[in-house]
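Novice: Have a look at the structure that comes next, please.
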Amino acid sequence: MPLDLYLSCVCWSKKVTMDHHRLHNPTSSYRHHQSAYKRERDDSWRSTDENKHLKLNPHHHHHHQHQSGSTQNPVSSRSLSTRRELYERDFPVYKQPVEVGCFSLDSERRFFNDRRQMRYYVEPDRNPNFDLRDGYKHRYVKRDDGVKEKLDHILSWIVANRSKHNSSATTASSRALDADFVTWRGHLTKLLTTPYETREGWLLAVTKFRGTLYISELETEAARREQENRTERHEEMTYWGYKFEQYTCADDPHSLPDPSGVVNTNEAFCTVVQTRLADHRLLFSGEVDCRDKDPDAPAAPACYIELKTSAEICTPKQRSNFHRFKLLKWWAQSFLPGVPRVVAGFRDHEGVVVSLETFHVSKISHLIKNEYNCWKPTVCMNFCCDFLSFVKHVATEDNPGVVYLFSWEPRRDVTFSVHRDSHYSFLPQWYIEGMTGSGDSRHQT
């Protein structure tokens, strides 16, 4: 890594750590941060008495045999608590995310190892008056939610760029990637928000292959029922977010947005970033709405912009709810890949954007600090960090046919089960072969 990049990563990580550390621990000093955090990590698996949030569940018994098929078989009595107070410690080291690549998905959801779907932000007037309902009936191509893509697009990118991202470990090592975890940004976002989530649970499938842990989300039964019972109003409001992007994004830096076109949600531009959370090396991808069109804008991901819509805020209660719930998800989603700005369009009940506001991700934690019993970035990041440690401790068999299924419901602990040669397996054969040197190039577009 070039010296200037290394120094910028160190400075960014220290700045993030110190900002959040001061915000939530104003009387403590930064110089104790790293040693205290290291002690926490070193002790994390030694004793369930010392580490209360990883505890024995007396209602489960140890199982020494794995069952195949869909039968759940808890192989350990350990679980991970999501109680917020357990994670109110120093903010963990999080290195500045570095973009190592990108890819595009076209109107038919085909993968391309390039930036063809990149869009450029065009700042609207202060009073935009965007009608988000326009085109919903006749100019809308909706992606098929029934097609479960799992990690396939990220895996396509890895195979296409394998020569650039081989492990730096010795040739005697079986590790194929210089990463502990590969996943989608959205899965990490769910982990960050888990300590404050009260409605939606999750299922995360994990498999270990050539030294790297792959995390892929599965649809819960509750999510499936909700999807089936969506109202027409809900479907239309989902469209509104995409329509807002069409009003504010152009296809190149020198053109203007064209809101008369078709909204096709198959299309996407995705960044691939590498970073480290404490001792966890992460490689993940996330969709990017647009970038700053200024040619002098900083390099990616610092030039990227997240676009959001939200109901206009008319009362103090609405503003409090916005801070407590919506800003949590916006912060988590953008902080992870290092996206610095969120541009929000506030709409009325009829779906007309009446105002815009820009939120700087680095300042969101200051916006919410006066809210009573509000979310804390340090709790989010520490829970995510401990969950990844939990996964490393549990998912030890290096075999793409073995899936560790981690399950969580609100107000419960995280538990897991192990499945061998089951329908939960999600690493495709073309990827396994491609990463062992015998694959073809079909997915290297």
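Each chain in the structure tokens gets a letter, A, B, ..., in the order shown, and its residues are numbered from 1; ligands are numbered from 1 in order too.
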Which residues are close to stretch 103-107 of chain A, i.e. within 12 Å by only C-alpha atoms, leaving aside same-chain residues fewer than 2 positions away? Reply as a CSV table (one decimal) with C-alpha atoms, in the first residue's frame.
Specialist:
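Contents of the output file result-v1.csv:
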```csv
chain,number,residue,atom,x,y,z
A,99,GLU,CA,-12.6,1.2,-3.1
A,100,VAL,CA,-10.9,-1.8,-4.8
A,101,GLY,CA,-13.3,-2.1,-7.7
A,109,ARG,CA,-29.6,-7.6,-14.5
A,110,ARG,CA,-26.5,-8.8,-16.4
A,111,PHE,CA,-23.1,-8.3,-14.7
A,112,PHE,CA,-20.4,-6.0,-16.2
A,113,ASN,CA,-17.0,-5.5,-14.6
A,114,ASP,CA,-17.1,-1.7,-15.3
A,115,ARG,CA,-18.7,1.7,-14.4
A,116,ARG,CA,-21.3,1.9,-17.2
A,117,GLN,CA,-24.2,2.3,-14.7
A,118,MET,CA,-22.5,5.2,-12.8
A,119,ARG,CA,-24.7,8.3,-12.5
A,140,TYR,CA,-41.7,1.3,-14.4
A,141,VAL,CA,-39.8,-2.0,-14.8
A,142,LYS,CA,-39.6,-3.7,-11.4
A,143,ARG,CA,-36.9,-6.2,-10.6
A,144,ASP,CA,-38.2,-9.7,-9.8
A,152,ASP,CA,-23.6,-14.1,-7.0
A,153,HIS,CA,-22.7,-10.6,-8.3
A,154,ILE,CA,-20.0,-10.0,-5.7
A,155,LEU,CA,-18.6,-13.5,-6.5
A,156,SER,CA,-18.6,-12.6,-10.2
A,157,TRP,CA,-16.6,-9.6,-9.4
A,158,ILE,CA,-14.1,-11.6,-7.3
A,160,ALA,CA,-13.2,-11.4,-12.7
A,161,ASN,CA,-10.6,-9.6,-10.6
A,262,VAL,CA,-38.3,4.5,-17.7
A,263,VAL,CA,-37.5,3.6,-14.1
A,264,ASN,CA,-35.8,0.2,-14.2
A,265,THR,CA,-34.8,-1.2,-10.9
A,266,ASN,CA,-32.7,-4.0,-12.4
A,267,GLU,CA,-30.0,-1.4,-13.2
A,268,ALA,CA,-27.4,-0.8,-10.5
A,269,PHE,CA,-23.9,0.5,-10.0
A,270,CYS,CA,-22.0,-1.1,-7.1
A,271,THR,CA,-18.8,-0.2,-5.3
A,272,VAL,CA,-16.5,-2.9,-3.9
A,273,VAL,CA,-14.6,-1.8,-0.8
A,285,SER,CA,-20.1,-4.5,-2.0
A,286,GLY,CA,-23.0,-2.0,-2.0
A,287,GLU,CA,-25.1,-0.2,-4.5
A,288,VAL,CA,-24.2,3.5,-5.1
A,289,ASP,CA,-26.9,6.0,-6.2
A,444,GLN,CA,-15.7,-12.6,-16.1
A,445,THR,CA,-17.6,-10.1,-18.3
```
Novice: What's around A:Tyr136 at 12 Å? Count only C-alpha atoms, leave out sequence neighbours fewer than 3 positions away in its own chain, and write the answer as a VMD selection string.
Specialist: chain A and resid 131 to 133 139 to 142 232 to 233 235 to 243 259 to 264 351
Novice: Any chance you could tabulate, as a Markdown table, the residues of stretch 68-118 of chain A at most 9 Å from stretch 384-394 of chain A with each one's nearest atom pair and distance in Å to one decimal, using only C-alpha atoms, in chain and rising number order?
Specialist:
```
| residue | atom | partner | partner_atom | distance |
| --- | --- | --- | --- | --- |
| A:Ser76 | CA | A:Val394 | CA | 8.4 |
| A:Ser79 | CA | A:Phe390 | CA | 8.6 |
| A:Leu80 | CA | A:Phe387 | CA | 7.4 |
| A:Tyr87 | CA | A:Asp386 | CA | 8.9 |
| A:Pro92 | CA | A:Cys385 | CA | 7.9 |
```
Novice: Take the residues just selected and output them with all heavy atoms as a PDB file, in the first residue's frame.
Specialist:
```pdb
ATOM      1  N   SER A  76     -24.029 -26.162  19.166  1.00  0.00           N
ATOM      2  CA  SER A  76     -23.401 -25.561  20.338  1.00  0.00           C
ATOM      3  C   SER A  76     -24.478 -24.872  21.150  1.00  0.00           C
ATOM      4  O   SER A  76     -25.488 -24.437  20.632  1.00  0.00           O
ATOM      5  CB  SER A  76     -22.335 -24.545  19.924  1.00  0.00           C
ATOM      6  OG  SER A  76     -21.873 -23.841  21.052  1.00  0.00           O
ATOM      7  N   SER A  79     -24.739 -18.614  22.512  1.00  0.00           N
ATOM      8  CA  SER A  79     -25.552 -17.609  21.829  1.00  0.00           C
ATOM      9  C   SER A  79     -24.932 -16.245  22.096  1.00  0.00           C
ATOM     10  O   SER A  79     -24.078 -16.104  22.969  1.00  0.00           O
ATOM     11  CB  SER A  79     -27.002 -17.652  22.325  1.00  0.00           C
ATOM     12  OG  SER A  79     -27.063 -17.421  23.720  1.00  0.00           O
ATOM     13  N   LEU A  80     -25.381 -15.260  21.337  1.00  0.00           N
ATOM     14  CA  LEU A  80     -24.812 -13.919  21.454  1.00  0.00           C
ATOM     15  C   LEU A  80     -25.923 -12.947  21.825  1.00  0.00           C
ATOM     16  O   LEU A  80     -26.922 -12.830  21.117  1.00  0.00           O
ATOM     17  CB  LEU A  80     -24.172 -13.509  20.125  1.00  0.00           C
ATOM     18  CG  LEU A  80     -23.498 -12.136  20.087  1.00  0.00           C
ATOM     19  CD1 LEU A  80     -22.223 -12.148  20.928  1.00  0.00           C
ATOM     20  CD2 LEU A  80     -23.181 -11.730  18.651  1.00  0.00           C
ATOM     21  N   TYR A  87     -22.553  -3.310  24.845  1.00  0.00           N
ATOM     22  CA  TYR A  87     -21.691  -2.845  23.754  1.00  0.00           C
ATOM     23  C   TYR A  87     -21.328  -1.361  23.900  1.00  0.00           C
ATOM     24  O   TYR A  87     -20.779  -0.774  22.972  1.00  0.00           O
ATOM     25  CB  TYR A  87     -22.376  -3.124  22.416  1.00  0.00           C
ATOM     26  CG  TYR A  87     -22.663  -4.604  22.264  1.00  0.00           C
ATOM     27  CD1 TYR A  87     -23.935  -5.125  22.542  1.00  0.00           C
ATOM     28  CD2 TYR A  87     -21.651  -5.485  21.914  1.00  0.00           C
ATOM     29  CE1 TYR A  87     -24.179  -6.484  22.446  1.00  0.00           C
ATOM     30  CE2 TYR A  87     -21.893  -6.841  21.816  1.00  0.00           C
ATOM     31  CZ  TYR A  87     -23.155  -7.338  22.089  1.00  0.00           C
ATOM     32  OH  TYR A  87     -23.391  -8.689  21.998  1.00  0.00           O
ATOM     33  N   PRO A  92     -14.694   0.780  18.245  1.00  0.00           N
ATOM     34  CA  PRO A  92     -13.625  -0.068  17.701  1.00  0.00           C
ATOM     35  C   PRO A  92     -12.916   0.604  16.531  1.00  0.00           C
ATOM     36  O   PRO A  92     -13.473   1.476  15.868  1.00  0.00           O
ATOM     37  CB  PRO A  92     -14.373  -1.323  17.245  1.00  0.00           C
ATOM     38  CG  PRO A  92     -15.747  -0.836  16.911  1.00  0.00           C
ATOM     39  CD  PRO A  92     -16.038   0.262  17.900  1.00  0.00           C
TER      40      PRO A  92
END
```
Novice: Give the helix (DSSP H, G or I) residues of stretch 91-279 of chain A, as DSSP finds them on the backbone, and put them as a ChimeraX atom specification.
Specialist: /A:152-160,162-164,185-196,221-228,232-248
Novice: Using only C-alpha atoms for the distances, tell me which of A:Thr415, A:Lys190, A:Tyr120, A:Glu371 is nearest to A:Pro295.
Specialist: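 Among A:Thr415, A:Lys190, A:Tyr120, A:Glu371, it is A:Tyr120 that comes nearest to A:Pro295.
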Novice: Can you work out the spacing between atom CA of A:Asp134 and atom CA of A:Arg230 in Å, to one decimal?
Specialist: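 According to the coordinates, atom CA of A:Asp134 and atom CA of A:Arg230 are separated by 20.5 Å.
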Novice: To test your reading of the structure, identify every residue in stretch 136-369 of chain A that backbone DSSP assigns to strand (DSSP E), and report it as a VMD selection string.
Specialist: chain A and resid 140 to 141 181 to 184 202 to 209 212 to 218 249 to 250 263 to 264 268 to 277 280 to 287 290 to 292 304 to 311 341 to 347 352 to 360
Novice: Please report, as JSON lines, each residue of stretch 247-350 of chain A lying at most 12 Å from stretch 358-369 of chain A, together with the nearest pair of atoms and the separation in Å rounded to one decimal; use only C-alpha atoms, and order rows by chain and ascending residue number.
Specialist:
```
{"residue": "A:Ala302", "atom": "CA", "partner": "A:Val361", "partner_atom": "CA", "distance": 11.1}
{"residue": "A:Tyr304", "atom": "CA", "partner": "A:Val361", "partner_atom": "CA", "distance": 11.8}
{"residue": "A:Ile305", "atom": "CA", "partner": "A:Thr358", "partner_atom": "CA", "distance": 9.8}
{"residue": "A:Glu306", "atom": "CA", "partner": "A:Phe359", "partner_atom": "CA", "distance": 9.7}
{"residue": "A:Leu307", "atom": "CA", "partner": "A:Thr358", "partner_atom": "CA", "distance": 9.4}
{"residue": "A:Lys308", "atom": "CA", "partner": "A:Thr358", "partner_atom": "CA", "distance": 10.0}
{"residue": "A:Thr309", "atom": "CA", "partner": "A:Thr358", "partner_atom": "CA", "distance": 11.5}
{"residue": "A:Arg319", "atom": "CA", "partner": "A:Ile368", "partner_atom": "CA", "distance": 10.3}
{"residue": "A:Ser320", "atom": "CA", "partner": "A:Ile368", "partner_atom": "CA", "distance": 8.6}
{"residue": "A:Asn321", "atom": "CA", "partner": "A:Ile368", "partner_atom": "CA", "distance": 10.5}
{"residue": "A:Phe322", "atom": "CA", "partner": "A:Ile368", "partner_atom": "CA", "distance": 9.6}
{"residue": "A:His323", "atom": "CA", "partner": "A:Ile368", "partner_atom": "CA", "distance": 5.9}
{"residue": "A:Arg324", "atom": "CA", "partner": "A:Ile368", "partner_atom": "CA", "distance": 7.3}
{"residue": "A:Phe325", "atom": "CA", "partner": "A:Ile368", "partner_atom": "CA", "distance": 10.4}
{"residue": "A:Lys326", "atom": "CA", "partner": "A:Ile364", "partner_atom": "CA", "distance": 11.2}
{"residue": "A:Leu327", "atom": "CA", "partner": "A:Ile364", "partner_atom": "CA", "distance": 7.4}
{"residue": "A:Leu328", "atom": "CA", "partner": "A:Ile364", "partner_atom": "CA", "distance": 8.7}
{"residue": "A:Lys329", "atom": "CA", "partner": "A:Ile364", "partner_atom": "CA", "distance": 11.0}
{"residue": "A:Trp330", "atom": "CA", "partner": "A:Val361", "partner_atom": "CA", "distance": 8.4}
{"residue": "A:Trp331", "atom": "CA", "partner": "A:Val361", "partner_atom": "CA", "distance": 6.0}
{"residue": "A:Ala332", "atom": "CA", "partner": "A:Val361", "partner_atom": "CA", "distance": 9.1}
{"residue": "A:Gln333", "atom": "CA", "partner": "A:Val361", "partner_atom": "CA", "distance": 9.8}
{"residue": "A:Ser334", "atom": "CA", "partner": "A:Val361", "partner_atom": "CA", "distance": 7.0}
{"residue": "A:Phe335", "atom": "CA", "partner": "A:Val361", "partner_atom": "CA", "distance": 6.6}
{"residue": "A:Leu336", "atom": "CA", "partner": "A:Val361", "partner_atom": "CA", "distance": 10.4}
{"residue": "A:Pro337", "atom": "CA", "partner": "A:Val361", "partner_atom": "CA", "distance": 11.2}
{"residue": "A:Gly338", "atom": "CA", "partner": "A:Val361", "partner_atom": "CA", "distance": 8.8}
{"residue": "A:Val339", "atom": "CA", "partner": "A:Val361", "partner_atom": "CA", "distance": 7.6}
{"residue": "A:Pro340", "atom": "CA", "partner": "A:Val361", "partner_atom": "CA", "distance": 5.3}
{"residue": "A:Arg341", "atom": "CA", "partner": "A:His360", "partner_atom": "CA", "distance": 4.8}
{"residue": "A:Val342", "atom": "CA", "partner": "A:Phe359", "partner_atom": "CA", "distance": 5.1}
{"residue": "A:Val343", "atom": "CA", "partner": "A:Thr358", "partner_atom": "CA", "distance": 4.5}
{"residue": "A:Ala344", "atom": "CA", "partner": "A:Thr358", "partner_atom": "CA", "distance": 6.2}
{"residue": "A:Gly345", "atom": "CA", "partner": "A:Thr358", "partner_atom": "CA", "distance": 9.0}
{"residue": "A:Phe346", "atom": "CA", "partner": "A:Thr358", "partner_atom": "CA", "distance": 10.9}
```
Novice: Can you pull out the residues contacting stretch 200-203 of chain A? Cut-off 12 Å, using only C-alpha atoms, and skip same-chain residues under 2 positions away; I want them as a ChimeraX atom specification.
Specialist: /A:82,186-191,193-198,205-206,215-224,226,403-417,424
Novice: At what distance in Å, to one decimal, does atom CA of A:Leu282 lie from atom CA of A:Phe209?
Specialist: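 Interatomic distance, atom CA of A:Phe209 to atom CA of A:Leu282: 14.9 Å.
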Novice: Just give me the gap between atom CA of A:Pro428 and atom CA of A:Ala179 in Å, one decimal is fine.
Specialist: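 Distance between the two atoms: 19.0 Å.
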Novice: Taking only C-alpha atoms into account, name the residue in A:Lys95, A:Arg89, A:His349, A:Arg78 that is nearest to A:His280.
Specialist: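 Among the listed residues, A:Lys95 lies closest to A:His280.
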Novice: Would you pick out the contacts of A:Pro128 at 12 Å or less, using only C-alpha atoms, so that residues sharing its chain but fewer than 5 positions from it are not included, and give the list as a ChimeraX atom specification?
Specialist: /A:123,244,247-248,344-347,352-357
Novice: Have a look at A:Ala311, A:Pro298, A:Tyr94, A:Gln429 and name the one nearest to A:Thr275; count only C-alpha atoms.
Specialist: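 Of the candidates, the smallest distance to A:Thr275 is held by A:Tyr94.
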Novice: Nearest to A:Ala395 among A:Thr231, A:Asn127, A:Gln274, A:Thr212, with distances taken over only C-alpha atoms: which residue is it?
Specialist: A:Thr212
